[in-house]
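**Student:** Sharing a structure here in structure tokens format.
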2 protein chains.
Amino acid sequence: MYRTHNNGQLRIDDVNQKVKLCGWVQKSRDLGGMTFIDLRDRYGITQLAFNETLDKNLSVKARKLNREWVIEVEGIVKERSSKNLKIDTGEIEIEVEKFTVLNESKTPPFTIEDETDGGEELRMKYRFLDLRRNPLQENLALRSEMSIEIRNFFHQNNFLEIETPYLIKSTPEGARDFVVPSRMNKQQFYALPQSPQTFKQLLMVSGYDRYFQIVKCFRDEDLRSDRQPEFTQIDCEMAFVNQQEVLETFEGLIKFLFKKILKTDFPKPFPVIAYSDAIEKYGSDKPDIRFEMELSYLENLAKGKGFKVFDEAESIVAISVPGGAEYSRKKLDELTDWVKRPQIGARGLVYVKYNEDQTFKSSIDKFYDVSNLKEWAKKCGASPGDLLLILSGKKSDVQSQMNELRLLMGSRLGLRDPKVFKPVWVVDFPLLEKDEISNSFHAMHHPFTSPKTSDLAFLETNPENVRANAYDLAINGVEVGGGSIRIHDRKIQEKMFEILGFSKEEAEAQFGFLMSAFEYGAPPHGGIAFGFDRLCALFGGKDNIREFIAFPKNNQGRDVMIEAPSEIDQTQLDELEISLPKLKG
Amino acid sequence: MYRTHNNGQLRIDDVNQKVKLCGWVQKSRDLGGMTFIDLRDRYGITQLAFNETLDKNLSVKARKLNREWVIEVEGIVKERSSKNLKIDTGEIEIEVEKFTVLNESKTPPFTIEDETDGGEELRMKYRFLDLRRNPLQENLALRSEMSIEIRNFFHQNNFLEIETPYLIKSTPEGARDFVVPSRMNKQQFYALPQSPQTFKQLLMVSGYDRYFQIVKCFRDEDLRSDRQPEFTQIDCEMAFVNQQEVLETFEGLIKFLFKKILKTDFPKPFPVIAYSDAIEKYGSDKPDIRFEMELSYLENLAKGKGFKVFDEAESIVAISVPGGAEYSRKKLDELTDWVKRPQIGARGLVYVKYNEDQTFKSSIDKFYDVSNLKEWAKKCGASPGDLLLILSGKKSDVQSQMNELRLLMGSRLGLRDPKVFKPVWVVDFPLLEKDEISNSFHAMHHPFTSPKTSDLAFLETNPENVRANAYDLAINGVEVGGGSIRIHDRKIQEKMFEILGFSKEEAEAQFGFLMSAFEYGAPPHGGIAFGFDRLCALFGGKDNIREFIAFPKNNQGRDVMIEAPSEIDQTQLDELEISLPKLKG
């Protein structure tokens, strides 16, 4: 037996016990005749003491132990003379009687500390060392805890976890698939699932009326910093339910998790907001409602006064920043530069200071007098001391720009505390999005989302106005999950594919199995999927999902530790009967 | 709300309640003025009653309902006049007041009954209908239950579930990888993991001393009936443990599962047998110890009597079949044909009947007299009435043939009750297997398995005799899991790769990250992986793992329901820059 206890376990009550411990040398201090070593494992740190007067040889040997060496020690638990009440084991230390070096360590390329000196690339290359750091160990422990609690919730609520296949069929709809060449079926490919969508629907047809799965999904997209080519989804589906029951069930899951993991109660139902209202009020379909600062529309007040920029704009949108009237010119210029960056894309920023003394100072004083500006301030609900920030242009552009600016100002004013959680359901999403360039329609969620019965009549005449039985859950401005009531009628599904530009043959080739299933007694059903990586990051109070994934890929989709992807043997290519073009030399 | 109860829920105490139910029409009977319908969902069956005298119209409508139609009904719970005590809801029925057809169904291509009339191919094509049948619903419910209990066990024992990546690097070692072409890294490929082996070892290096994961793994092998290209593994690893502690921990898991799922106790430790003893006694490294019928070796008794077949054989192996002396000539001929099939490969079968009257009758009476045969019977522990079955030839061949024959005879004698479970640990596996053709060595488990310290000296001189710290768990002749204590020392790992024929460069290119990790304080560690599909089938008392997988592939690796794999678009191929040879026309 290597150890009797771990390094977070021993207390003052254990004094005089003989124990064995294992772990990594965190640090070592020589104080005259005494050598102290902090021994670390994932449970904590225990102090080892070597007394030169008790055993000179052992002390000499101990002084040779370096950081990250793995050792096994045997000794007696003693009360410390100078206690460290910041750590659980801080009242005791081990008077070491013997020890064994289980493995040595080279000097790590960065320090194994909460705040390390290693850059991200180096830490990714040596991920096995980065993962020794406390913050990452806490993140992965949180993730494990969340996954067990999620399963407990589902188990208590009669859901079955059913595994769906990873080697499925490629469909051109949606994001790009990763494909897998088949050796046994030459010239053919599997695809890795972007989600188990069609399989969970088939399970509903099969009568498994409550399904869930925590499952990896794959999308071959150009990566942004918060995207991974493989990601984990909490995938859920129910039969014989309407939208309200789905929302209640999964609101139950989220409340259960907040209670179990963060000891946070949500006594009231989560607020529900229509998609169109969310866009109107916040410029976003995943609004951060931890703070107000809602969008106000000034078209009726600000047009026709000779300011050409406003006169020509479809939309003029303002937010009122509390206490912002005292912003310096420099600060306002910096905000103007910020909104003009290509990522935001505004053409300029108009400000109106509503000073404490009830005077106004704006960047457009030439065109508007105090009475105009007072009207604006009133419309925005501004008080003396506040600052109006105004963007103008095409309505949908301005709304999305203003969303970004609102979030920035919320952050700057400290209104976005990561320990405060404000969930909101966004409902009544449009069924379709129009691609202005190709003049074709895409499914806003996916082609299996059902249109609202009340809007079914417009499906032919006015598709862009058809609302879907679709819903998202946003928490603190993050889209945590989304789902819908699905189509379960073959005719409506066929119509949907037709609107999306599928020929009859294409629809049949790609989704014939699902439409066939709808002909054999498919029940009404709906569900939701949550992004598990993102949910973990949210619960952990962080933005970067990579810190909640043991072995993430970088922005080029590479694992720089194992060096994947990589070239493969010609024999492998030959067996698969695929060939690669000659590299340009 | 579609329903107030499910179809397995209502009891006599609910009589006179108004309820709503949903489900599928299982069957319908017209008895004069009464129409009865069995309404089915995964929870059970509830009888619906339509009384013509109460509501003529409704009865007429109800008579039009066909099998597998989905309906929603509203009515009053009534006590049945003729009760069916075989089902939980058999004391009540619903006097239906109104109903709605939620979806119609075409006539299913096979009956949705416990014993269906559909062949396997048809049922695979309509898997969504096959999955409606009770036996499959019970299997998937069992699987879900097992997965939650497994996680409970690990959670209670301080294991973390940590997800490892699916897009990893291809390595030529072991079985064939499925590969995934990368679009962002042209001409390069990911591989799908055959197991998370190297990642779980890295997690040990990172200090996560108790890891588990229920995880999909992938092998592109030519499929046998019990293999799937994607399969699920319970993957586990621990640090600072020796072999004994690993066995105890996972014996704990298996006992926990037997207790929770099958209410079966194993008060004693599982027996442990050395690999060499298992092969000697049972001809198998996964012995079925539900019955004895051990192998006996007759070389010393049977050679030198002029029977050329035996004289020239390396090995002469017998089993004693209880009560087999009365087998007819026809039955013995049939057994002879059975062992001569190419799957078994024996050249012939010798029998010796030890009759109840203590006389002998054998197929080799020409060469052996009664005193010879009596010695054989004694050696085999046979009693009057028993039958000796004898195979001869190359020792390892005969052992494996005799294993098959022993299992067959065990089955025929009813000694292999699927409700009786006999686990056994097989330990001390050889580290290496010699490939006679190429005269090279393969790792018997995998290249990360550690040699026994006591045998380390022979690694250079006598590699085939080196034993590994490797172990398997067999239950009822099925290999349920296997693992080892791993190498955690770079030098031994390098030596291992060298023996396996890797050049220094190849070892570095493929496993450099792992050997690098061993240089930064890798702790001693070991683990195990269980085949989850197989474990579910075992607990469910079945042989065929496909019945425990929602959407399995067939023997050609195809999903015939969704038609995968399939051809992909030329645009997809172009984006990946891979090309396929022209099909021969």
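Quick note on naming: the chains in the structure tokens go A, B, ... in the order shown, residues restart at 1 in each chain, and ligands are numbered from 1 in order of appearance.
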Can you pull out the residues contacting range 386-391 of chain B? Cut-off 6 Å, using only C-alpha atoms, and skip same-chain residues under 5 positions away; I want them as a list of chain:residue names.
**Tutor:**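 Those residues are B:Ile316, B:Val317, B:Ala318, B:Ile319, B:Ser320, B:Val321, B:Pro322, B:Gly323, B:Gly324, B:Ala325, B:Leu349, B:Val350, B:Tyr351, B:Val352, B:Lys353, B:Tyr354.
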**Student:** Keeping only C-alpha atoms, take the residues you just selected and write them out as a PDB file, in the first residue's frame.
**Tutor:**
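Contents of selection22.pdb, freshly written:
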```
ATOM      1  CA  ILE B 316      -3.314 -35.272 -25.584  1.00  0.00           C
ATOM      2  CA  VAL B 317      -6.100 -33.570 -23.690  1.00  0.00           C
ATOM      3  CA  ALA B 318      -9.281 -35.046 -22.267  1.00  0.00           C
ATOM      4  CA  ILE B 319     -12.427 -33.907 -20.527  1.00  0.00           C
ATOM      5  CA  SER B 320     -14.827 -36.135 -18.681  1.00  0.00           C
ATOM      6  CA  VAL B 321     -18.475 -35.554 -19.545  1.00  0.00           C
ATOM      7  CA  PRO B 322     -20.732 -36.611 -16.662  1.00  0.00           C
ATOM      8  CA  GLY B 323     -23.323 -39.160 -17.734  1.00  0.00           C
ATOM      9  CA  GLY B 324     -22.008 -39.171 -21.281  1.00  0.00           C
ATOM     10  CA  ALA B 325     -21.388 -42.926 -21.500  1.00  0.00           C
ATOM     11  CA  LEU B 349     -12.206 -36.727 -31.722  1.00  0.00           C
ATOM     12  CA  VAL B 350     -11.397 -39.785 -29.633  1.00  0.00           C
ATOM     13  CA  TYR B 351     -13.998 -40.964 -27.144  1.00  0.00           C
ATOM     14  CA  VAL B 352     -13.884 -43.412 -24.258  1.00  0.00           C
ATOM     15  CA  LYS B 353     -17.178 -44.533 -22.707  1.00  0.00           C
ATOM     16  CA  TYR B 354     -16.787 -45.515 -19.059  1.00  0.00           C
TER      17      TYR B 354
END
```
**Student:** For the structure I just gave you, how does DSSP split range 204-289 of chain B - specifically, which residues are helix (DSSP H, G or I)? Reply as a PyMOL selection string.
**Tutor:** chain B and resi 204-205+243-262+275-282
**Student:** Specify as an mmCIF file with N, CA, C and O atoms, in the first residue's frame all residues of chain A found within 6 Å of chain B, counting only C-alpha atoms.
**Tutor:**
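So the final result, stored in part31.cif, reads:
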```cif
data_model
loop_
_atom_site.group_PDB
_atom_site.id
_atom_site.type_symbol
_atom_site.label_atom_id
_atom_site.label_comp_id
_atom_site.auth_asym_id
_atom_site.auth_seq_id
_atom_site.Cartn_x
_atom_site.Cartn_y
_atom_site.Cartn_z
ATOM 1 N N TYR A 2 0.602 2.120 -0.949
ATOM 2 C CA TYR A 2 1.426 3.315 -1.073
ATOM 3 C C TYR A 2 1.101 4.377 -0.020
ATOM 4 O O TYR A 2 1.937 5.167 0.347
ATOM 5 N N GLU A 68 8.089 18.954 -7.899
ATOM 6 C CA GLU A 68 7.358 17.989 -8.741
ATOM 7 C C GLU A 68 7.910 16.569 -8.706
ATOM 8 O O GLU A 68 7.451 15.710 -9.451
ATOM 9 N N TRP A 69 8.918 16.319 -7.821
ATOM 10 C CA TRP A 69 9.285 14.922 -7.620
ATOM 11 C C TRP A 69 8.118 14.226 -6.905
ATOM 12 O O TRP A 69 7.400 14.847 -6.123
ATOM 13 N N VAL A 70 7.938 12.941 -7.196
ATOM 14 C CA VAL A 70 6.871 12.170 -6.547
ATOM 15 C C VAL A 70 7.501 11.313 -5.461
ATOM 16 O O VAL A 70 8.439 10.554 -5.737
ATOM 17 N N ASN A 103 9.348 8.821 -8.313
ATOM 18 C CA ASN A 103 9.771 9.278 -9.637
ATOM 19 C C ASN A 103 10.346 10.680 -9.509
ATOM 20 O O ASN A 103 9.838 11.501 -8.744
ATOM 21 N N GLU A 104 11.412 10.921 -10.259
ATOM 22 C CA GLU A 104 11.981 12.265 -10.271
ATOM 23 C C GLU A 104 11.252 13.117 -11.292
ATOM 24 O O GLU A 104 10.414 12.622 -12.055
ATOM 25 N N SER A 105 11.555 14.417 -11.296
ATOM 26 C CA SER A 105 10.963 15.300 -12.301
ATOM 27 C C SER A 105 12.007 16.272 -12.808
ATOM 28 O O SER A 105 12.808 16.789 -12.018
ATOM 29 N N LYS A 106 11.994 16.470 -14.105
ATOM 30 C CA LYS A 106 12.762 17.596 -14.652
ATOM 31 C C LYS A 106 12.108 18.881 -14.158
ATOM 32 O O LYS A 106 10.955 18.877 -13.702
ATOM 33 N N PHE A 128 -0.441 18.148 -19.425
ATOM 34 C CA PHE A 128 -0.412 17.258 -18.252
ATOM 35 C C PHE A 128 0.177 17.939 -17.030
ATOM 36 O O PHE A 128 -0.101 17.537 -15.906
ATOM 37 N N LEU A 129 0.968 18.986 -17.242
ATOM 38 C CA LEU A 129 1.474 19.761 -16.099
ATOM 39 C C LEU A 129 0.503 20.882 -15.743
ATOM 40 O O LEU A 129 0.250 21.155 -14.572
ATOM 41 N N LEU A 131 -2.594 20.794 -15.989
ATOM 42 C CA LEU A 131 -3.727 20.172 -15.291
ATOM 43 C C LEU A 131 -3.425 19.882 -13.818
ATOM 44 O O LEU A 131 -4.306 19.492 -13.069
ATOM 45 N N ARG A 132 -2.138 20.049 -13.417
ATOM 46 C CA ARG A 132 -1.824 19.905 -11.994
ATOM 47 C C ARG A 132 -2.184 21.145 -11.195
ATOM 48 O O ARG A 132 -2.234 21.104 -9.973
ATOM 49 N N SER A 144 -17.140 17.207 -13.141
ATOM 50 C CA SER A 144 -17.520 15.846 -12.758
ATOM 51 C C SER A 144 -18.733 15.870 -11.831
ATOM 52 O O SER A 144 -19.688 15.107 -11.997
ATOM 53 N N LEU A 160 -34.430 8.077 -19.252
ATOM 54 C CA LEU A 160 -33.433 7.054 -19.531
ATOM 55 C C LEU A 160 -32.266 7.686 -20.274
ATOM 56 O O LEU A 160 -32.472 8.494 -21.183
ATOM 57 N N GLU A 161 -31.044 7.315 -19.882
ATOM 58 C CA GLU A 161 -29.890 7.725 -20.687
ATOM 59 C C GLU A 161 -29.670 6.667 -21.757
ATOM 60 O O GLU A 161 -29.468 5.486 -21.447
ATOM 61 N N ILE A 168 -22.375 8.117 -38.090
ATOM 62 C CA ILE A 168 -23.694 8.260 -38.703
ATOM 63 C C ILE A 168 -23.548 8.733 -40.150
ATOM 64 O O ILE A 168 -22.511 8.530 -40.767
ATOM 65 N N LYS A 169 -24.570 9.398 -40.653
ATOM 66 C CA LYS A 169 -24.570 9.776 -42.057
ATOM 67 C C LYS A 169 -24.367 11.275 -42.206
ATOM 68 O O LYS A 169 -24.918 12.059 -41.430
ATOM 69 N N VAL A 179 -16.071 13.914 -41.477
ATOM 70 C CA VAL A 179 -16.420 12.634 -42.090
ATOM 71 C C VAL A 179 -15.346 11.585 -41.805
ATOM 72 O O VAL A 179 -14.194 11.917 -41.516
ATOM 73 N N VAL A 180 -15.752 10.332 -41.889
ATOM 74 C CA VAL A 180 -14.887 9.197 -41.559
ATOM 75 C C VAL A 180 -14.954 8.204 -42.713
ATOM 76 O O VAL A 180 -15.990 7.577 -42.918
ATOM 77 N N GLN A 188 -17.291 5.223 -49.402
ATOM 78 C CA GLN A 188 -18.380 5.758 -48.585
ATOM 79 C C GLN A 188 -17.811 6.293 -47.282
ATOM 80 O O GLN A 188 -16.722 5.931 -46.859
ATOM 81 N N PHE A 189 -18.585 7.175 -46.671
ATOM 82 C CA PHE A 189 -18.123 7.860 -45.470
ATOM 83 C C PHE A 189 -19.200 7.841 -44.400
ATOM 84 O O PHE A 189 -20.381 7.957 -44.695
ATOM 85 N N TYR A 190 -18.762 7.706 -43.163
ATOM 86 C CA TYR A 190 -19.622 8.054 -42.036
ATOM 87 C C TYR A 190 -19.440 9.547 -41.770
ATOM 88 O O TYR A 190 -18.493 10.166 -42.260
ATOM 89 N N LEU A 202 -36.193 9.657 -33.126
ATOM 90 C CA LEU A 202 -36.580 8.263 -33.367
ATOM 91 C C LEU A 202 -36.888 7.544 -32.048
ATOM 92 O O LEU A 202 -37.795 6.721 -31.986
ATOM 93 N N SER A 206 -40.096 5.555 -30.871
ATOM 94 C CA SER A 206 -40.002 4.206 -30.306
ATOM 95 C C SER A 206 -40.629 4.093 -28.926
ATOM 96 O O SER A 206 -40.648 3.010 -28.350
ATOM 97 N N PHE A 240 -45.195 13.476 -25.710
ATOM 98 C CA PHE A 240 -46.486 13.826 -25.095
ATOM 99 C C PHE A 240 -46.376 15.043 -24.189
ATOM 100 O O PHE A 240 -46.851 15.022 -23.050
ATOM 101 N N PHE A 513 -35.527 8.114 -43.501
ATOM 102 C CA PHE A 513 -35.784 7.249 -42.337
ATOM 103 C C PHE A 513 -36.650 7.954 -41.295
ATOM 104 O O PHE A 513 -37.510 7.357 -40.685
ATOM 105 N N GLU A 519 -44.581 8.036 -40.122
ATOM 106 C CA GLU A 519 -45.780 7.368 -40.650
ATOM 107 C C GLU A 519 -46.231 6.187 -39.803
ATOM 108 O O GLU A 519 -47.218 5.544 -40.111
ATOM 109 N N TYR A 520 -45.437 5.865 -38.757
ATOM 110 C CA TYR A 520 -45.774 4.693 -37.950
ATOM 111 C C TYR A 520 -46.122 5.076 -36.515
ATOM 112 O O TYR A 520 -45.604 4.508 -35.571
ATOM 113 N N GLY A 521 -46.964 6.094 -36.364
ATOM 114 C CA GLY A 521 -47.381 6.419 -35.007
ATOM 115 C C GLY A 521 -46.352 7.211 -34.242
ATOM 116 O O GLY A 521 -45.940 6.826 -33.141
ATOM 117 N N ILE A 562 -0.407 16.191 -28.184
ATOM 118 C CA ILE A 562 -0.209 14.913 -28.882
ATOM 119 C C ILE A 562 0.137 15.127 -30.347
ATOM 120 O O ILE A 562 0.423 14.171 -31.060
ATOM 121 N N ALA A 564 -1.928 16.355 -32.916
ATOM 122 C CA ALA A 564 -2.997 15.863 -33.781
ATOM 123 C C ALA A 564 -3.750 17.066 -34.342
ATOM 124 O O ALA A 564 -3.871 18.068 -33.644
ATOM 125 N N PRO A 565 -4.242 17.016 -35.568
ATOM 126 C CA PRO A 565 -4.113 15.899 -36.512
ATOM 127 C C PRO A 565 -2.682 15.773 -37.023
ATOM 128 O O PRO A 565 -1.866 16.662 -36.843
ATOM 129 N N SER A 566 -2.418 14.640 -37.676
ATOM 130 C CA SER A 566 -1.077 14.406 -38.213
ATOM 131 C C SER A 566 -1.198 13.607 -39.503
ATOM 132 O O SER A 566 -2.282 13.141 -39.854
ATOM 133 N N GLU A 567 -0.077 13.471 -40.186
ATOM 134 C CA GLU A 567 -0.100 12.633 -41.385
ATOM 135 C C GLU A 567 -0.294 11.179 -41.001
ATOM 136 O O GLU A 567 0.065 10.770 -39.911
ATOM 137 N N ILE A 578 -8.213 6.120 -50.542
ATOM 138 C CA ILE A 578 -8.317 7.553 -50.791
ATOM 139 C C ILE A 578 -6.926 8.086 -51.091
ATOM 140 O O ILE A 578 -5.920 7.526 -50.645
ATOM 141 N N SER A 579 -6.879 9.136 -51.913
ATOM 142 C CA SER A 579 -5.563 9.679 -52.216
ATOM 143 C C SER A 579 -5.549 11.180 -51.987
ATOM 144 O O SER A 579 -6.574 11.852 -51.991
ATOM 145 N N LEU A 580 -4.354 11.675 -51.737
ATOM 146 C CA LEU A 580 -4.159 13.084 -51.441
ATOM 147 C C LEU A 580 -3.409 13.699 -52.605
ATOM 148 O O LEU A 580 -2.570 13.044 -53.221
#
```
**Student:** With only C-alpha atoms as the basis for distance, which of B:Asp357, B:Glu375, B:Glu547, B:Asp265 is at the shortest distance from Val420 in chain B?
**Tutor:** B:Asp265
**Student:** Any idea what the distance is between CA of Phe532 in chain A and CA of Glu479 in chain A?
**Tutor:**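 Going from CA of Phe532 in chain A over to CA of Glu479 in chain A covers 11.2 Å.
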**Student:** Interatomic distance between CA of Ile87 in chain B and CA of Asp13 in chain B?
**Tutor:** 15.5 Å
**Student:** Just asking: which residues within range 318-448 of chain A are strand (DSSP E) according to DSSP, as a ChimeraX atom specification?
**Tutor:** /A:318-321,350-354,360-362,387-393,423-427,432-435,440-443
**Student:** May I have the residues within 8 Å of range 15-19 of chain A as a PyMOL selection string, using only C-alpha atoms and disregarding those fewer than 2 positions away in the same chain?
**Tutor:** chain A and resi 3-5+11-13+21+74-79+92
**Student:** Quick one: everything within 12 Å of Pro267 in chain A, counting only C-alpha atoms, minus sequence neighbours fewer than 5 positions away in the same chain. Send it as a PyMOL selection string.
**Tutor:** chain A and resi 251-252+255-256+258-259
**Student:** Please provide as a PyMOL selection string all residues within 12 Å of Gly501 in chain A, with the sequence filter that same-chain residues fewer than 4 positions apart are discarded (counting only C-alpha atoms).
**Tutor:** chain A and resi 173+438-443+447+494-497+505-507
